[in-house]
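Structure file input.txt (compact mmCIF, C-alpha atoms) follows.
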```txt
# COMPACT_ATOMS: atom_id res chain seq x y z
CA MET A 1 -49.72 -2.11 53.31
CA ARG A 2 -46.44 -1.54 51.55
CA LYS A 3 -45.63 -4.19 49.00
CA ARG A 4 -42.18 -5.71 48.90
CA ARG A 5 -40.31 -5.12 45.69
CA ARG A 6 -39.26 -8.29 43.99
CA SER A 7 -35.55 -8.47 43.38
CA LYS A 8 -34.50 -8.85 39.79
CA ALA A 9 -33.39 -12.40 39.04
CA LEU A 10 -29.74 -12.71 38.17
CA SER A 11 -28.93 -14.19 34.81
CA ARG A 12 -26.59 -17.14 34.47
CA SER A 13 -23.85 -14.87 33.11
CA ASP A 14 -24.28 -12.52 36.10
CA LEU A 15 -23.92 -15.42 38.49
CA GLU A 16 -20.86 -16.78 36.70
CA SER A 17 -19.18 -13.36 36.63
CA SER A 18 -19.72 -12.94 40.37
CA VAL A 19 -17.88 -16.17 41.16
CA PRO A 20 -14.10 -15.75 41.49
CA ARG A 21 -12.24 -17.65 38.79
CA SER A 22 -9.39 -19.96 39.61
CA PRO A 23 -5.98 -19.51 37.92
CA SER A 24 -6.63 -22.67 35.89
CA GLN A 25 -9.88 -21.19 34.56
CA ILE A 26 -8.10 -17.95 33.67
CA ILE A 27 -5.42 -19.92 31.82
CA GLU A 28 -8.07 -21.68 29.74
CA GLU A 29 -9.65 -18.31 28.96
CA LEU A 30 -6.23 -16.96 28.03
CA LYS A 31 -5.57 -19.75 25.56
CA LYS A 32 -8.95 -19.26 23.90
CA ASP A 33 -8.44 -15.50 23.75
CA TYR A 34 -4.96 -16.02 22.31
CA GLY A 35 -6.42 -18.15 19.55
CA ARG A 36 -8.69 -15.26 18.59
CA LYS A 37 -6.07 -12.51 18.85
CA GLN A 38 -2.86 -14.27 17.81
CA GLY A 39 -2.82 -12.82 14.31
CA ALA A 40 -3.35 -9.23 15.46
CA ILE A 41 -0.75 -9.59 18.23
CA GLN A 42 1.89 -11.00 15.88
CA THR A 43 1.18 -8.27 13.34
CA ARG A 44 1.74 -5.64 16.02
CA LEU A 45 5.05 -7.20 17.05
CA GLU A 46 6.17 -7.25 13.42
CA GLU A 47 5.37 -3.53 13.22
CA PHE A 48 7.60 -2.93 16.24
CA GLN A 49 10.48 -4.81 14.62
CA ARG A 50 10.28 -2.63 11.52
CA CYS A 51 10.99 0.45 13.65
CA LEU A 52 14.70 -0.41 13.86
CA ILE A 53 15.09 -0.03 10.10
CA LYS A 54 13.17 3.27 9.91
CA GLY A 55 16.16 5.25 11.13
CA GLU A 56 17.47 7.04 14.17
CA SER A 57 14.83 9.78 14.16
CA GLU A 58 11.99 7.25 14.50
CA ILE A 59 13.84 5.38 17.23
CA PHE A 60 14.29 8.61 19.18
CA LYS A 61 10.59 9.42 18.76
CA GLU A 62 9.76 6.05 20.34
CA LEU A 63 11.97 7.01 23.28
CA CYS A 64 10.04 10.29 23.51
CA PHE A 65 6.76 8.38 23.46
CA CYS A 66 7.84 6.23 26.43
CA ILE A 67 9.01 9.30 28.37
CA LEU A 68 5.65 10.95 27.73
CA ALA A 69 3.62 7.83 28.55
CA ALA A 70 5.32 7.19 31.92
CA ASN A 71 2.82 7.35 34.82
CA SER A 72 0.12 8.07 32.27
CA SER A 73 -1.15 5.80 29.50
CA ALA A 74 -0.13 4.61 26.06
CA GLU A 75 -2.96 6.57 24.51
CA MET A 76 -1.98 9.78 26.27
CA GLY A 77 1.65 9.22 25.33
CA MET A 78 0.66 8.87 21.68
CA LYS A 79 -1.54 11.96 21.85
CA THR A 80 1.20 14.02 23.53
CA LEU A 81 3.87 12.93 21.06
CA ALA A 82 1.57 13.76 18.16
CA ALA A 83 1.36 17.33 19.46
CA ILE A 84 5.14 17.85 19.20
CA GLU A 85 6.27 15.19 16.72
CA ASP A 86 6.95 17.72 13.95
CA ILE A 87 9.36 19.72 16.12
CA VAL A 88 10.67 17.22 18.69
CA LEU A 89 13.98 16.61 16.89
CA GLU A 90 15.10 20.24 16.86
CA ALA A 91 12.89 22.54 18.98
CA ASP A 92 14.30 24.14 22.11
CA LEU A 93 12.80 23.53 25.55
CA PRO A 94 10.57 26.65 25.77
CA THR A 95 9.05 25.86 22.38
CA LEU A 96 8.21 22.28 23.37
CA GLN A 97 6.82 23.41 26.70
CA GLN A 98 4.68 26.06 25.06
CA ARG A 99 3.25 23.50 22.62
CA LEU A 100 2.26 21.20 25.49
CA SER A 101 1.24 23.84 28.02
CA ARG A 102 -2.44 23.60 27.16
CA GLY A 103 -4.13 20.34 27.88
CA PHE A 104 -1.16 18.06 28.62
CA ARG A 105 0.19 16.78 31.92
CA TYR A 106 3.82 17.21 32.95
CA TRP A 107 4.27 19.83 30.24
CA ARG A 108 7.20 21.43 32.04
CA VAL A 109 9.20 18.37 33.08
CA ARG A 110 8.76 15.82 30.27
CA PRO A 111 10.01 18.16 27.51
CA SER A 112 13.10 18.86 29.63
CA TYR A 113 13.80 15.11 29.74
CA ILE A 114 13.42 14.90 25.98
CA VAL A 115 15.74 17.84 25.27
CA HIS A 116 18.36 16.54 27.72
CA ALA A 117 18.33 13.06 26.17
CA ARG A 118 18.41 14.48 22.64
CA ASP A 119 21.38 16.74 23.39
CA TYR A 120 23.24 13.95 25.17
CA LEU A 121 22.71 11.49 22.32
CA LYS A 122 23.84 14.03 19.74
CA LYS A 123 26.94 15.04 21.69
CA GLU A 124 28.10 11.66 22.95
CA HIS A 125 26.78 9.21 20.37
CA GLY A 126 26.18 11.13 17.16
CA PHE A 127 22.43 10.68 17.68
CA LYS A 128 22.82 6.99 16.83
CA LEU A 129 20.75 5.41 19.59
CA GLY A 130 19.71 2.45 17.47
CA GLU A 131 23.30 1.67 16.57
CA LEU A 132 24.30 2.04 20.20
CA LEU A 133 21.64 -0.38 21.41
CA ARG A 134 22.65 -2.94 18.78
CA SER A 135 26.19 -2.85 20.17
CA PHE A 136 25.04 -4.57 23.36
CA SER A 137 25.34 -8.33 23.11
CA ASP A 138 23.79 -8.87 26.54
CA HIS A 139 20.03 -8.58 26.87
CA GLU A 140 20.14 -7.12 30.38
CA ASP A 141 23.04 -4.74 29.70
CA ARG A 142 21.01 -3.14 26.91
CA ARG A 143 18.17 -2.28 29.27
CA ASN A 144 20.50 -1.30 32.10
CA PHE A 145 22.14 1.27 29.84
CA LEU A 146 18.80 3.07 29.59
CA VAL A 147 17.65 2.57 33.17
CA PHE A 148 20.81 3.69 34.95
CA ASN A 149 22.00 6.33 32.50
CA ARG A 150 21.75 9.72 34.22
CA ASP A 151 21.49 11.45 30.85
CA ILE A 152 18.35 9.57 29.85
CA LYS A 153 15.83 10.72 32.42
CA GLY A 154 12.23 9.79 33.10
CA ILE A 155 12.34 6.10 32.30
CA GLY A 156 12.81 3.17 34.65
CA PHE A 157 12.57 -0.58 34.07
CA LYS A 158 8.99 -0.49 32.79
CA GLU A 159 9.50 2.40 30.39
CA SER A 160 12.86 1.06 29.16
CA SER A 161 11.28 -2.33 28.52
CA HIS A 162 8.40 -0.62 26.74
CA PHE A 163 10.80 1.35 24.54
CA LEU A 164 12.92 -1.67 23.65
CA ARG A 165 9.82 -3.71 22.79
CA ASN A 166 8.50 -0.89 20.60
CA ILE A 167 11.68 -0.80 18.53
CA GLY A 168 11.78 -4.54 17.98
CA TYR A 169 13.68 -6.10 20.88
CA ARG A 170 11.99 -9.06 22.51
CA GLY A 171 12.04 -10.74 25.89
CA TYR A 172 11.31 -7.72 28.09
CA ALA A 173 8.18 -7.65 30.27
CA ILE A 174 6.32 -4.35 30.52
CA LEU A 175 5.04 -4.56 34.08
CA ASP A 176 2.39 -1.85 34.18
CA LYS A 177 -0.69 -1.94 36.40
CA HIS A 178 -2.68 -3.99 33.90
CA ILE A 179 -0.06 -6.72 33.60
CA LEU A 180 0.53 -6.79 37.36
CA ASN A 181 -3.21 -7.17 37.99
CA CYS A 182 -3.31 -10.11 35.59
CA LEU A 183 -0.32 -11.74 37.27
CA CYS A 184 -2.08 -11.35 40.63
CA GLU A 185 -5.19 -13.04 39.24
CA LEU A 186 -3.05 -15.89 37.94
CA GLY A 187 -1.45 -16.35 41.35
CA LEU A 188 2.05 -15.54 40.10
CA ILE A 189 2.46 -12.60 42.49
CA ARG A 190 0.64 -11.77 45.71
CA LYS A 191 0.21 -8.02 45.38
CA ASN A 192 0.13 -5.39 42.69
CA ARG A 193 2.59 -3.19 44.53
CA LYS A 194 4.42 -0.30 42.91
CA PRO A 195 6.94 1.14 42.43
CA LEU A 196 8.97 -1.97 41.75
CA SER A 197 12.59 -2.13 42.82
CA PRO A 198 15.04 -3.39 40.15
CA ASP A 199 15.35 -6.75 41.93
CA ARG A 200 11.58 -7.21 42.25
CA TYR A 201 11.03 -6.17 38.65
CA ARG A 202 13.47 -8.82 37.46
CA ARG A 203 11.94 -11.48 39.75
CA ILE A 204 8.43 -10.84 38.43
CA GLU A 205 9.74 -10.75 34.86
CA ARG A 206 11.32 -14.18 35.36
CA LYS A 207 8.04 -15.51 36.77
CA MET A 208 6.17 -14.18 33.77
CA GLN A 209 8.70 -15.75 31.40
CA ALA A 210 8.42 -19.12 33.17
CA PHE A 211 4.62 -18.91 33.03
CA ALA A 212 4.72 -18.07 29.32
CA ASP A 213 6.96 -21.08 28.70
CA ARG A 214 4.63 -23.31 30.71
CA ILE A 215 1.49 -22.39 28.78
CA GLY A 216 3.24 -22.26 25.40
CA ILE A 217 2.72 -18.57 24.56
CA ASP A 218 5.67 -16.35 23.68
CA MET A 219 6.20 -13.81 26.48
CA ASP A 220 6.00 -10.78 24.18
CA GLU A 221 2.73 -12.08 22.79
CA LEU A 222 1.50 -12.86 26.30
CA ASP A 223 2.27 -9.29 27.37
CA LEU A 224 0.08 -7.86 24.60
CA LEU A 225 -2.59 -10.48 25.23
CA LEU A 226 -2.87 -9.68 28.94
CA TRP A 227 -2.85 -5.96 28.25
CA SER A 228 -5.61 -6.31 25.67
CA ARG A 229 -7.76 -8.26 28.13
CA LYS A 230 -7.67 -5.33 30.55
CA THR A 231 -7.92 -2.48 28.02
CA GLY A 232 -9.70 -4.06 25.05
CA LYS A 233 -6.89 -2.84 22.75
CA ILE A 234 -3.62 -4.00 21.23
CA LEU A 235 -1.63 -0.77 21.22
CA LYS A 236 2.05 0.00 21.37
```

Encoding of this model in structure tokens:
Amino acid sequence: MRKRRRSKALSRSDLESSVPRSPSQIIEELKKDYGRKQGAIQTRLEEFQRCLIKGESEIFKELCFCILAANSSAEMGMKTLAAIEDIVLEADLPTLQQRLSRGFRYWRVRPSYIVHARDYLKKEHGFKLGELLRSFSDHEDRRNFLVFNRDIKGIGFKESSHFLRNIGYRGYAILDKHILNCLCELGLIRKNRKPLSPDRYRRIERKMQAFADRIGIDMDELDLLLWSRKTGKILK
């Protein structure tokens, strides 16, 4: 007679992890996690703020990073930029494409965006992107300049917010899939639905800001905290 196999008993942690958590439980977890990671998060934000004083070349490289990371990942964006960083300020399009043609996604299109933006900034603004961004007194106008500028291709609201955060500007939410999933779990939005229209992006950003105010965590710090909970890392 065939013996029945005994099912393996679930541990307490297994049982707890299988039970959906309420938004209030997630908030408590967030606050505890913030206490552990606050120092590392604030250090990272301070590093971003130092970018503005490193000069125009470094600011442009951050723009290149965000163009390369779009629809990919921060790690892949960093890896791709590293492959061309030594030539990205001067190389022509075929040279950049050739450098990225082995092992990198979007190796034809993304370099064309970079060269177009670089040429535009040199011709129209003396390659002084940092100075240009500082000229905007309005928080939203600064981002809109990047989002709706036909000569800066390949970046929308998320990538523009990412770029501005990485060069030291604060108060912009980077609504990637990880952050949207967290906001769904917290009950702040109903669906992780992309792409986001400009109006929906702004609405979700306002909800995230209001939530950050409610729980007493700066929104820029909350952004990195939520991202680290999904990825295990505090990257740029």

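Minimum atom-to-atom distances from A:Ile155, A:Ile26, A:Ile215, A:Val147 to Cys184 of chain A were compared using all atoms listed in the file, and the lowest value belongs to A:Ile26.
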
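For segment 71-77 of chain A, the residues within 9 Å (counting all atoms listed in the file, excluding itself and residues fewer than 3 positions away along the chain) are Cys64, Phe65, Cys66, Ile67, Leu68, Thr80, Leu81, Ala82, Phe104, Arg105, Leu235 and Lys236 of chain A.
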
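Separating atom CA of Ala69 of chain A from atom CA of Phe157 of chain A is a distance of 13.5 Å.
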
Env of Gly55 of chain A: 12 Å cut, atoms = all atoms listed in the file, seq-sep filter 2 positions within chain, self excluded. Answer as a PDB file with C-alpha atoms, keeping the file's coordinate frame.
```
ATOM      1  CA  ARG A  50      10.280  -2.630  11.520  1.00  0.00           C
ATOM      2  CA  CYS A  51      10.990   0.450  13.650  1.00  0.00           C
ATOM      3  CA  LEU A  52      14.700  -0.410  13.860  1.00  0.00           C
ATOM      4  CA  ILE A  53      15.090  -0.030  10.100  1.00  0.00           C
ATOM      5  CA  SER A  57      14.830   9.780  14.160  1.00  0.00           C
ATOM      6  CA  GLU A  58      11.990   7.250  14.500  1.00  0.00           C
ATOM      7  CA  ILE A  59      13.840   5.380  17.230  1.00  0.00           C
ATOM      8  CA  PHE A  60      14.290   8.610  19.180  1.00  0.00           C
ATOM      9  CA  LYS A  61      10.590   9.420  18.760  1.00  0.00           C
ATOM     10  CA  GLU A  62       9.760   6.050  20.340  1.00  0.00           C
ATOM     11  CA  PHE A 127      22.430  10.680  17.680  1.00  0.00           C
ATOM     12  CA  LYS A 128      22.820   6.990  16.830  1.00  0.00           C
ATOM     13  CA  LEU A 129      20.750   5.410  19.590  1.00  0.00           C
ATOM     14  CA  GLY A 130      19.710   2.450  17.470  1.00  0.00           C
ATOM     15  CA  GLU A 131      23.300   1.670  16.570  1.00  0.00           C
ATOM     16  CA  ILE A 167      11.680  -0.800  18.530  1.00  0.00           C
TER      17      ILE A 167
END
```

Tell me, as JSON, numbers by chain, which residues lie within 9 Å of Asn192 of chain A, counting all atoms listed in the file; anything in the same chain fewer than 4 positions away does not count. {"A": [177, 180, 181, 183, 184]}

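Residue neighbourhood of Leu133 of chain A, excluding near-sequence residues (fewer than 6 positions): Arg142, Arg143 and Phe145 of chain A, at 9 Å, using only C-alpha atoms.
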
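If you count only C-alpha atoms and ignore residues fewer than 2 places along the chain from segment 218-222 of chain A, what sits within 9 Å of it is A:Leu30, A:Tyr34, A:Gln38, A:Ile41, A:Gln42, A:Leu45, A:Arg165, A:Arg170, A:Gly171, A:Tyr172, A:Ala173, A:Met208, A:Gln209, A:Ala210, A:Phe211, A:Ala212, A:Asp213, A:Ile215, A:Gly216, A:Leu224, A:Leu225, A:Leu226, A:Trp227.
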
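Atom pair atom CA of Trp107 of chain A / atom CA of Leu93 of chain A: separated by 10.4 Å.
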
Atom CA of Tyr106 of chain A to atom CA of Arg118 of chain A, distance in Å rounded to a single decimal: 18.1 Å

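Each of A:Arg102, A:His116, A:His162, A:Arg110 was compared to Asp223 of chain A using only C-alpha atoms, and A:His162 turns out to be the nearest.
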
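In terms of minimum interatomic distance to Arg108 of chain A, A:Leu96 ranks closest within A:Leu63, A:Met78, A:Leu146, A:Leu96, counting only C-alpha atoms.
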
Starting from the incomplete input, reconstruct N, CA and C atoms of segment 145-173 of chain A and report them as a PDB file, in the frame of the given file.
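And here's selection.pdb as it stands now:
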```
ATOM      1  N   PHE A 145      21.580   0.031  30.389  1.00  0.00           N
ATOM      2  CA  PHE A 145      22.140   1.270  29.840  1.00  0.00           C
ATOM      3  C   PHE A 145      21.100   2.389  29.886  1.00  0.00           C
ATOM      4  N   LEU A 146      19.860   2.067  29.579  1.00  0.00           N
ATOM      5  CA  LEU A 146      18.800   3.070  29.590  1.00  0.00           C
ATOM      6  C   LEU A 146      18.347   3.398  31.011  1.00  0.00           C
ATOM      7  N   VAL A 147      18.194   2.375  31.829  1.00  0.00           N
ATOM      8  CA  VAL A 147      17.650   2.570  33.170  1.00  0.00           C
ATOM      9  C   VAL A 147      18.578   3.387  34.061  1.00  0.00           C
ATOM     10  N   PHE A 148      19.861   3.083  34.005  1.00  0.00           N
ATOM     11  CA  PHE A 148      20.810   3.690  34.950  1.00  0.00           C
ATOM     12  C   PHE A 148      21.626   4.836  34.352  1.00  0.00           C
ATOM     13  N   ASN A 149      21.298   5.232  33.145  1.00  0.00           N
ATOM     14  CA  ASN A 149      22.000   6.330  32.500  1.00  0.00           C
ATOM     15  C   ASN A 149      21.428   7.663  32.987  1.00  0.00           C
ATOM     16  N   ARG A 150      22.228   8.456  33.657  1.00  0.00           N
ATOM     17  CA  ARG A 150      21.750   9.720  34.220  1.00  0.00           C
ATOM     18  C   ARG A 150      21.381  10.739  33.156  1.00  0.00           C
ATOM     19  N   ASP A 151      21.804  10.514  31.930  1.00  0.00           N
ATOM     20  CA  ASP A 151      21.490  11.450  30.850  1.00  0.00           C
ATOM     21  C   ASP A 151      20.260  11.042  30.060  1.00  0.00           C
ATOM     22  N   ILE A 152      19.634   9.948  30.438  1.00  0.00           N
ATOM     23  CA  ILE A 152      18.350   9.570  29.850  1.00  0.00           C
ATOM     24  C   ILE A 152      17.362   9.486  31.010  1.00  0.00           C
ATOM     25  N   LYS A 153      16.670  10.575  31.229  1.00  0.00           N
ATOM     26  CA  LYS A 153      15.830  10.720  32.420  1.00  0.00           C
ATOM     27  C   LYS A 153      14.377  10.349  32.128  1.00  0.00           C
ATOM     28  N   GLY A 154      13.674   9.997  33.209  1.00  0.00           N
ATOM     29  CA  GLY A 154      12.230   9.790  33.100  1.00  0.00           C
ATOM     30  C   GLY A 154      11.793   8.407  32.726  1.00  0.00           C
ATOM     31  N   ILE A 155      12.726   7.474  32.619  1.00  0.00           N
ATOM     32  CA  ILE A 155      12.340   6.100  32.300  1.00  0.00           C
ATOM     33  C   ILE A 155      13.047   5.128  33.247  1.00  0.00           C
ATOM     34  N   GLY A 156      12.268   4.216  33.801  1.00  0.00           N
ATOM     35  CA  GLY A 156      12.810   3.170  34.650  1.00  0.00           C
ATOM     36  C   GLY A 156      12.735   1.835  33.924  1.00  0.00           C
ATOM     37  N   PHE A 157      12.599   0.753  34.680  1.00  0.00           N
ATOM     38  CA  PHE A 157      12.570  -0.580  34.070  1.00  0.00           C
ATOM     39  C   PHE A 157      11.362  -0.754  33.152  1.00  0.00           C
ATOM     40  N   LYS A 158      10.194  -0.303  33.607  1.00  0.00           N
ATOM     41  CA  LYS A 158       8.990  -0.490  32.790  1.00  0.00           C
ATOM     42  C   LYS A 158       9.084   0.287  31.481  1.00  0.00           C
ATOM     43  N   GLU A 159       9.443   1.562  31.580  1.00  0.00           N
ATOM     44  CA  GLU A 159       9.500   2.400  30.390  1.00  0.00           C
ATOM     45  C   GLU A 159      10.616   1.956  29.443  1.00  0.00           C
ATOM     46  N   SER A 160      11.768   1.541  30.006  1.00  0.00           N
ATOM     47  CA  SER A 160      12.860   1.060  29.160  1.00  0.00           C
ATOM     48  C   SER A 160      12.465  -0.225  28.434  1.00  0.00           C
ATOM     49  N   SER A 161      11.768  -1.100  29.145  1.00  0.00           N
ATOM     50  CA  SER A 161      11.280  -2.330  28.520  1.00  0.00           C
ATOM     51  C   SER A 161      10.275  -2.013  27.437  1.00  0.00           C
ATOM     52  N   HIS A 162       9.407  -1.050  27.705  1.00  0.00           N
ATOM     53  CA  HIS A 162       8.400  -0.620  26.740  1.00  0.00           C
ATOM     54  C   HIS A 162       9.085  -0.079  25.475  1.00  0.00           C
ATOM     55  N   PHE A 163      10.070   0.781  25.667  1.00  0.00           N
ATOM     56  CA  PHE A 163      10.800   1.350  24.540  1.00  0.00           C
ATOM     57  C   PHE A 163      11.486   0.271  23.707  1.00  0.00           C
ATOM     58  N   LEU A 164      12.197  -0.628  24.380  1.00  0.00           N
ATOM     59  CA  LEU A 164      12.920  -1.670  23.650  1.00  0.00           C
ATOM     60  C   LEU A 164      11.956  -2.582  22.891  1.00  0.00           C
ATOM     61  N   ARG A 165      10.820  -2.906  23.495  1.00  0.00           N
ATOM     62  CA  ARG A 165       9.820  -3.710  22.790  1.00  0.00           C
ATOM     63  C   ARG A 165       9.298  -2.971  21.561  1.00  0.00           C
ATOM     64  N   ASN A 166       9.077  -1.664  21.698  1.00  0.00           N
ATOM     65  CA  ASN A 166       8.500  -0.890  20.600  1.00  0.00           C
ATOM     66  C   ASN A 166       9.447  -0.667  19.438  1.00  0.00           C
ATOM     67  N   ILE A 167      10.752  -0.908  19.656  1.00  0.00           N
ATOM     68  CA  ILE A 167      11.680  -0.800  18.530  1.00  0.00           C
ATOM     69  C   ILE A 167      12.193  -2.177  18.096  1.00  0.00           C
ATOM     70  N   GLY A 168      11.506  -3.224  18.540  1.00  0.00           N
ATOM     71  CA  GLY A 168      11.780  -4.540  17.980  1.00  0.00           C
ATOM     72  C   GLY A 168      12.534  -5.536  18.822  1.00  0.00           C
ATOM     73  N   TYR A 169      12.985  -5.149  20.013  1.00  0.00           N
ATOM     74  CA  TYR A 169      13.680  -6.100  20.880  1.00  0.00           C
ATOM     75  C   TYR A 169      12.649  -6.908  21.668  1.00  0.00           C
ATOM     76  N   ARG A 170      12.955  -8.185  21.864  1.00  0.00           N
ATOM     77  CA  ARG A 170      11.990  -9.060  22.510  1.00  0.00           C
ATOM     78  C   ARG A 170      12.542  -9.610  23.815  1.00  0.00           C
ATOM     79  N   GLY A 171      11.628 -10.114  24.640  1.00  0.00           N
ATOM     80  CA  GLY A 171      12.040 -10.740  25.890  1.00  0.00           C
ATOM     81  C   GLY A 171      12.046  -9.816  27.088  1.00  0.00           C
ATOM     82  N   TYR A 172      11.408  -8.637  26.970  1.00  0.00           N
ATOM     83  CA  TYR A 172      11.310  -7.720  28.090  1.00  0.00           C
ATOM     84  C   TYR A 172       9.837  -7.601  28.502  1.00  0.00           C
ATOM     85  N   ALA A 173       9.552  -7.785  29.777  1.00  0.00           N
ATOM     86  CA  ALA A 173       8.180  -7.650  30.270  1.00  0.00           C
ATOM     87  C   ALA A 173       7.895  -6.192  30.611  1.00  0.00           C
TER      88      ALA A 173
END
```
